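S.K.: Pasting in a structure now, in structure tokens, and then I'll have a few things to ask.
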Amino acid sequence: MKHSIGTRTEINTDSNIAISVKDLHKSFKLPTEQAFGLKQAIFNRLRGIKGYKEQKVLKGLSFEIKKGEFLGIVGRNGSGKSTLLKMLAGIYYPEKGEITVNGTLVPFIELGVGFNPELTGRENVYMNGALLGFSNEEMDTMYDDIWEFAELKDFQDQKLKNYSSGMQVRLAFSIAIRAQGNILLLDEVLAVGDAAFQQKCSNYFAELKDHKQTVILVTHSMDNVRKFCDRAILIEAGEIIKDGDPKMVADAYTKLWS
Amino acid sequence: MSIPRVLNRKNRILLKELTKTDFKLRYQGSVLGYLWALLRPLMMFAILYVVFAKLLRIGGDIPHYSVYLLCGTTMWSFFSECTSQGIQAIVNRGDLLRKISFPKYIVVVSATWTAVINMLINLGVIIIFALINGVEPSWSWFLAIPAILQLYLLSLGIAFLLGSINVKYRDITSIWDVLMQALFYAVPIIYPIAMVAETSSIAAKVILLNPISQTIQDIRFGLITNQTITTWNYINNTALTFIPIIATLAILVIGALVFRRKSKFFAEEV
């Protein structure tokens, strides 16, 4: 690997900074021609072709998030929001720069990670719980509440493939909100579902805000930014172009198209 | 990576749950379900037994030859399942890797544990067969434990090493399939090693330096008959006899190191 590698560290201190990001860079290698498979790799090596081009996704981001802050991250599609979130979550590795996470971080990049259509609702709940760090015994105690909240009690022994997509999301959300952590990363997971579900999400956000949870919310909904965020960041082409008051950032976002 | 982090509570829970899911999914939708874990190797054994022991009449002078053969095929299936599942684990669990952050080795280990469970079930069958066949229970049975462990570590090492390359070059899966076919005949499972030794003792020695042969023969020696030819009793040069063990450890260490280095980029490459 030719990457000069950045760092991501997890600490647990009393400092009031929850996440600090310094000069964060990330680029992806996009295969140019057919660069998959061993044969092509050997050919490319022999001909001295790289077989990929570098796409710079994040170009030196720096910011800090305080404990208890509700931060919104906004930007167009492809601006690098999700990449940033995945790096905060430790899924992608920083290419250059430093990420310091102070506390337990719970990422929701997507709802229902690890859901398997061939397993029953019950089995999926335990599996998904394990991904959030809950043992079987802990899941036992939450089990009824989860189904109660999802309003799907009658379906718990059906295979997941027989659920509608809305039902799956409801179940996943119902598990996700049990997660215990002091920093939550939310990536548009809540942009799905019907009006009733949206209402539940809003209530959940409000609750998080009341409890002074540290939340990082990636969203396209400027309503949510204005309503819940204490601060917002606007990312454009891999750089932070606005950082501060959510109303100001939401306005700047809307102006990107005018 | 320090030991407490590797085996922390969260990782243990995840490992357990992933193994359970893998095992459930393997036999999902089949009428006989988990019974297949038992039936598959038994059927493979039945075929090989009819072809090699009955039709070709190989292995006549080995005591308890049928159990001896069953033991070999079971351990081979274990090795084969462990490696092929382990190699594909990262690719198969790509959806998970792209969405949450957790130590990637868990995925590989959980994939191999399904094979471990299958093997343990079949080990029970071997012991029952052995007793029926008139094999006397003996303390030497415990000799099989370190040998099985070594075979598992070897499989794990291969899974780590090839699995991390397989993320980028999926050819590995196909190459390994073919290689396994060749390996099957390079290991004395269906033919007794004595047959090779008759024509060329050098060839027999080379075969016994392969850690797969060494472990399988050790397991047979412990469980079935102490007349089994093993690396230890056939190769006179003591220094040479350690080659299979050194090879196993080398593959495991190299595999783990390569895996650790590459695993940082699995999420974006898979």
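Residue numbers start at 1 in each chain; chains themselves are named A, B, ... in the order of the structure tokens; ligands are numbered from 1 in the order shown.
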Neighbouring residues of Gly80 of chain A were defined as those with any atom within 12 Å, considering only C-alpha atoms; residues of the same chain fewer than 6 positions away were excluded. Please report them as a list in words.
M.R.: Leu24, His25, Lys26, Ser27, Phe28, Gln55, Lys56, Val57, Leu58, Lys59, Gly60, Leu61, Ile73, Val74, Lys86, Met87, Val218, Leu234, Ile235, Glu236, Ala237, Gly238, Glu239 and Ile240 of chain A
S.K.: Give me, as a VMD selection string, the residues of chain A touching chain B, with the criterion being at most 7 Å (counting only C-alpha atoms).
M.R.: chain A and resid 36 to 38 89 to 93 109 to 110 113 to 114 127 130 to 131 133 135
S.K.: Would you compute the distance between atom CA of Glu10 of chain A and atom CA of Leu71 of chain A? Give it in Å to one decimal.
M.R.: 19.5 Å
S.K.: Quick one: of A:Gly75, A:Gly166, A:Gly68, A:Pro31, who's nearest to Ala252 of chain A, counting only C-alpha atoms?
M.R.: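 Under the stated criterion, the closest residue is A:Gly75.
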S.K.: Compare B:Lys205, B:Leu161, B:Asn226, B:Tyr65 by their minimum atom-to-atom distance to Thr241 of chain B, counting only C-alpha atoms, and give me the closest one.
M.R.: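 Looking at the shortest contact to Thr241 of chain B, the residue is B:Lys205.
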S.K.: List every residue of segment 5-253 of chain A that DSSP, applied to the backbone, labels as alpha helix (DSSP H), and write the result as a ChimeraX atom specification.
M.R.: /A:38-47,81-88,121-131,136-150,165-176,195-210,222-228,246-253
S.K.: Name the residues in contact with Ala176 of chain A at a cut-off of 9 Å, using only C-alpha atoms, excluding same-chain residues fewer than 2 positions from it; report them as a PDB file with all heavy atoms, in the first residue's frame.
M.R.:
```pdb
ATOM      1  N   PHE A 108     -24.989   4.874  12.745  1.00  0.00           N
ATOM      2  CA  PHE A 108     -26.102   4.330  11.958  1.00  0.00           C
ATOM      3  C   PHE A 108     -25.905   4.764  10.523  1.00  0.00           C
ATOM      4  O   PHE A 108     -26.438   5.768  10.089  1.00  0.00           O
ATOM      5  CB  PHE A 108     -27.449   4.860  12.458  1.00  0.00           C
ATOM      6  CG  PHE A 108     -27.754   4.438  13.845  1.00  0.00           C
ATOM      7  CD1 PHE A 108     -28.016   5.371  14.825  1.00  0.00           C
ATOM      8  CD2 PHE A 108     -27.753   3.098  14.174  1.00  0.00           C
ATOM      9  CE1 PHE A 108     -28.284   4.967  16.124  1.00  0.00           C
ATOM     10  CE2 PHE A 108     -28.017   2.693  15.457  1.00  0.00           C
ATOM     11  CZ  PHE A 108     -28.280   3.633  16.434  1.00  0.00           C
ATOM     12  N   LEU A 111     -29.920   1.577   8.345  1.00  0.00           N
ATOM     13  CA  LEU A 111     -30.720   0.802   9.292  1.00  0.00           C
ATOM     14  C   LEU A 111     -30.691  -0.668   8.891  1.00  0.00           C
ATOM     15  O   LEU A 111     -30.588  -0.996   7.719  1.00  0.00           O
ATOM     16  CB  LEU A 111     -32.160   1.300   9.283  1.00  0.00           C
ATOM     17  CG  LEU A 111     -32.433   2.574  10.086  1.00  0.00           C
ATOM     18  CD1 LEU A 111     -33.867   2.995   9.894  1.00  0.00           C
ATOM     19  CD2 LEU A 111     -32.114   2.395  11.542  1.00  0.00           C
ATOM     20  N   GLY A 112     -30.776  -1.525   9.883  1.00  0.00           N
ATOM     21  CA  GLY A 112     -30.905  -2.949   9.586  1.00  0.00           C
ATOM     22  C   GLY A 112     -29.667  -3.572   8.977  1.00  0.00           C
ATOM     23  O   GLY A 112     -29.767  -4.440   8.114  1.00  0.00           O
ATOM     24  N   ASN A 128     -28.934  -8.298  14.732  1.00  0.00           N
ATOM     25  CA  ASN A 128     -28.730  -6.860  14.652  1.00  0.00           C
ATOM     26  C   ASN A 128     -28.298  -6.296  16.011  1.00  0.00           C
ATOM     27  O   ASN A 128     -27.452  -5.410  16.092  1.00  0.00           O
ATOM     28  CB  ASN A 128     -30.036  -6.204  14.180  1.00  0.00           C
ATOM     29  CG  ASN A 128     -29.813  -4.841  13.576  1.00  0.00           C
ATOM     30  OD1 ASN A 128     -30.221  -3.846  14.145  1.00  0.00           O
ATOM     31  ND2 ASN A 128     -29.141  -4.786  12.444  1.00  0.00           N
ATOM     32  N   GLY A 129     -28.869  -6.843  17.065  1.00  0.00           N
ATOM     33  CA  GLY A 129     -28.484  -6.428  18.412  1.00  0.00           C
ATOM     34  C   GLY A 129     -27.020  -6.707  18.681  1.00  0.00           C
ATOM     35  O   GLY A 129     -26.311  -5.889  19.267  1.00  0.00           O
ATOM     36  N   LEU A 132     -24.784  -4.204  17.446  1.00  0.00           N
ATOM     37  CA  LEU A 132     -24.761  -3.001  18.276  1.00  0.00           C
ATOM     38  C   LEU A 132     -24.077  -3.280  19.613  1.00  0.00           C
ATOM     39  O   LEU A 132     -23.974  -2.405  20.461  1.00  0.00           O
ATOM     40  CB  LEU A 132     -26.176  -2.493  18.529  1.00  0.00           C
ATOM     41  CG  LEU A 132     -26.958  -2.014  17.315  1.00  0.00           C
ATOM     42  CD1 LEU A 132     -28.393  -1.723  17.690  1.00  0.00           C
ATOM     43  CD2 LEU A 132     -26.320  -0.787  16.715  1.00  0.00           C
ATOM     44  N   LEU A 171     -38.738  -2.045  12.060  1.00  0.00           N
ATOM     45  CA  LEU A 171     -38.091  -2.978  12.975  1.00  0.00           C
ATOM     46  C   LEU A 171     -36.647  -2.543  13.244  1.00  0.00           C
ATOM     47  O   LEU A 171     -36.196  -2.481  14.385  1.00  0.00           O
ATOM     48  CB  LEU A 171     -38.112  -4.395  12.385  1.00  0.00           C
ATOM     49  CG  LEU A 171     -37.429  -5.469  13.226  1.00  0.00           C
ATOM     50  CD1 LEU A 171     -38.075  -5.553  14.604  1.00  0.00           C
ATOM     51  CD2 LEU A 171     -37.501  -6.827  12.538  1.00  0.00           C
ATOM     52  N   ALA A 172     -35.945  -2.197  12.166  1.00  0.00           N
ATOM     53  CA  ALA A 172     -34.549  -1.800  12.304  1.00  0.00           C
ATOM     54  C   ALA A 172     -34.411  -0.561  13.184  1.00  0.00           C
ATOM     55  O   ALA A 172     -33.550  -0.500  14.063  1.00  0.00           O
ATOM     56  CB  ALA A 172     -33.948  -1.531  10.929  1.00  0.00           C
ATOM     57  N   PHE A 173     -35.297   0.399  12.961  1.00  0.00           N
ATOM     58  CA  PHE A 173     -35.247   1.633  13.737  1.00  0.00           C
ATOM     59  C   PHE A 173     -35.505   1.346  15.217  1.00  0.00           C
ATOM     60  O   PHE A 173     -34.839   1.872  16.106  1.00  0.00           O
ATOM     61  CB  PHE A 173     -36.285   2.613  13.198  1.00  0.00           C
ATOM     62  CG  PHE A 173     -36.339   3.925  13.926  1.00  0.00           C
ATOM     63  CD1 PHE A 173     -35.302   4.827  13.786  1.00  0.00           C
ATOM     64  CD2 PHE A 173     -37.396   4.243  14.753  1.00  0.00           C
ATOM     65  CE1 PHE A 173     -35.338   6.041  14.452  1.00  0.00           C
ATOM     66  CE2 PHE A 173     -37.436   5.445  15.428  1.00  0.00           C
ATOM     67  CZ  PHE A 173     -36.412   6.347  15.277  1.00  0.00           C
ATOM     68  N   SER A 174     -36.452   0.459  15.412  1.00  0.00           N
ATOM     69  CA  SER A 174     -36.831   0.115  16.768  1.00  0.00           C
ATOM     70  C   SER A 174     -35.667  -0.530  17.537  1.00  0.00           C
ATOM     71  O   SER A 174     -35.537  -0.340  18.743  1.00  0.00           O
ATOM     72  CB  SER A 174     -38.034  -0.828  16.681  1.00  0.00           C
ATOM     73  OG  SER A 174     -38.453  -1.228  17.918  1.00  0.00           O
ATOM     74  N   ARG A 178     -32.151   1.543  20.627  1.00  0.00           N
ATOM     75  CA  ARG A 178     -31.733   0.988  21.926  1.00  0.00           C
ATOM     76  C   ARG A 178     -30.240   1.181  22.159  1.00  0.00           C
ATOM     77  O   ARG A 178     -29.757   0.997  23.253  1.00  0.00           O
ATOM     78  CB  ARG A 178     -31.996  -0.522  22.010  1.00  0.00           C
ATOM     79  CG  ARG A 178     -33.335  -0.965  21.544  1.00  0.00           C
ATOM     80  CD  ARG A 178     -34.385  -0.737  22.580  1.00  0.00           C
ATOM     81  NE  ARG A 178     -35.617  -0.411  21.871  1.00  0.00           N
ATOM     82  CZ  ARG A 178     -36.773  -0.216  22.465  1.00  0.00           C
ATOM     83  NH1 ARG A 178     -36.865  -0.301  23.766  1.00  0.00           N
ATOM     84  NH2 ARG A 178     -37.836   0.089  21.767  1.00  0.00           N
ATOM     85  N   ALA A 179     -29.528   1.456  21.087  1.00  0.00           N
ATOM     86  CA  ALA A 179     -28.074   1.494  21.177  1.00  0.00           C
ATOM     87  C   ALA A 179     -27.607   2.482  22.229  1.00  0.00           C
ATOM     88  O   ALA A 179     -28.144   3.575  22.364  1.00  0.00           O
ATOM     89  CB  ALA A 179     -27.492   1.869  19.824  1.00  0.00           C
TER      90      ALA A 179
END
```
S.K.: When you count only C-alpha atoms, which of these residues is closest to Ser66 of chain B: B:Ile224, B:Leu156, B:Ile235, B:Leu249?
M.R.: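 Of all the options, B:Ile224 lies closest to Ser66 of chain B.
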S.K.: Do a neighbour search on Met44 of chain B at 10 Å with only C-alpha atoms, toss out local chain neighbours closer than 3 positions, and write the hits as a list in words.
M.R.: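 Returned residues: Leu39, Arg40, Pro41, Ile47, Leu48, Tyr49, Leu70, Thr73, Thr74 and Ser77 of chain B.
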S.K.: List the neighbours of Ile117 of chain B out to 12 Å using only C-alpha atoms; skip same-chain residues closer than 2 positions along the sequence, and give me the result as a list of chain:residue names.
M.R.: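 In the requested format, the answer is B:Thr19, B:Lys20, B:Asp22, B:Phe23, B:Lys24, B:Tyr34, B:Ala37, B:Leu38, B:Phe78, B:Glu81, B:Cys82, B:Ser110, B:Ala111, B:Thr112, B:Trp113, B:Thr114, B:Ala115, B:Met119, B:Leu120, B:Ile121, B:Asn122, B:Leu123, B:Gly124, B:Tyr152.
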S.K.: Take atom CA of Trp141 of chain B and atom CA of Gln181 of chain B and report the distance between them in Å, one decimal.
M.R.: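 Computed distance, atom CA of Trp141 of chain B to atom CA of Gln181 of chain B, equals 29.3 Å.
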S.K.: If you count only C-alpha atoms, which residues fall within 8 Å of segment 126-131 of chain B, apart from same-chain ones fewer than 5 positions away, as a list in words?
M.R.: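 What passes the distance filter is His64, Val67, Leu70, Cys71, Glu136, Pro137, Leu223 and Ile224 of chain B.
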S.K.: Just N, CA, C and O atoms for this one: save the residues we selected as a PDB file, in the first residue's frame.
M.R.:
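Produced file selection_6.pdb, reproduced below:
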```
ATOM      1  N   HIS B  64      -8.826 -51.712  10.626  1.00  0.00           N
ATOM      2  CA  HIS B  64      -9.976 -50.803  10.676  1.00  0.00           C
ATOM      3  C   HIS B  64      -9.963 -49.830   9.499  1.00  0.00           C
ATOM      4  O   HIS B  64     -10.149 -48.633   9.667  1.00  0.00           O
ATOM      5  N   VAL B  67     -12.850 -47.101   9.000  1.00  0.00           N
ATOM      6  CA  VAL B  67     -12.848 -45.950   9.912  1.00  0.00           C
ATOM      7  C   VAL B  67     -11.648 -45.053   9.616  1.00  0.00           C
ATOM      8  O   VAL B  67     -11.729 -43.825   9.701  1.00  0.00           O
ATOM      9  N   LEU B  70     -12.727 -43.029   6.807  1.00  0.00           N
ATOM     10  CA  LEU B  70     -13.707 -42.039   7.259  1.00  0.00           C
ATOM     11  C   LEU B  70     -13.014 -40.899   7.986  1.00  0.00           C
ATOM     12  O   LEU B  70     -13.334 -39.716   7.774  1.00  0.00           O
ATOM     13  N   CYS B  71     -12.070 -41.234   8.816  1.00  0.00           N
ATOM     14  CA  CYS B  71     -11.328 -40.228   9.570  1.00  0.00           C
ATOM     15  C   CYS B  71     -10.609 -39.279   8.612  1.00  0.00           C
ATOM     16  O   CYS B  71     -10.660 -38.056   8.763  1.00  0.00           O
ATOM     17  N   GLU B 136     -10.073 -50.216  20.300  1.00  0.00           N
ATOM     18  CA  GLU B 136     -10.117 -50.100  21.751  1.00  0.00           C
ATOM     19  C   GLU B 136      -9.964 -48.633  22.161  1.00  0.00           C
ATOM     20  O   GLU B 136      -9.053 -47.959  21.673  1.00  0.00           O
ATOM     21  N   PRO B 137     -10.831 -48.146  23.070  1.00  0.00           N
ATOM     22  CA  PRO B 137     -10.632 -46.779  23.562  1.00  0.00           C
ATOM     23  C   PRO B 137      -9.255 -46.690  24.239  1.00  0.00           C
ATOM     24  O   PRO B 137      -8.872 -47.620  24.940  1.00  0.00           O
ATOM     25  N   LEU B 223      -6.333 -41.810  16.944  1.00  0.00           N
ATOM     26  CA  LEU B 223      -7.689 -42.319  17.102  1.00  0.00           C
ATOM     27  C   LEU B 223      -7.845 -43.782  16.704  1.00  0.00           C
ATOM     28  O   LEU B 223      -8.574 -44.530  17.357  1.00  0.00           O
ATOM     29  N   ILE B 224      -7.171 -44.193  15.622  1.00  0.00           N
ATOM     30  CA  ILE B 224      -7.551 -45.483  15.047  1.00  0.00           C
ATOM     31  C   ILE B 224      -6.520 -46.586  15.228  1.00  0.00           C
ATOM     32  O   ILE B 224      -6.813 -47.619  15.806  1.00  0.00           O
TER      33      ILE B 224
END
```
S.K.: I'd like the interatomic distance between atom CA of Ile99 of chain A and atom CA of Leu30 of chain A, to a tenth of an Å.
M.R.: 24.4 Å
S.K.: Just the residues within 7 Å of Gly163 of chain B, please, counting only C-alpha atoms, with nothing from its chain fewer than 5 positions along; format it as number ranges by chain.
M.R.: B: 86-88, 90
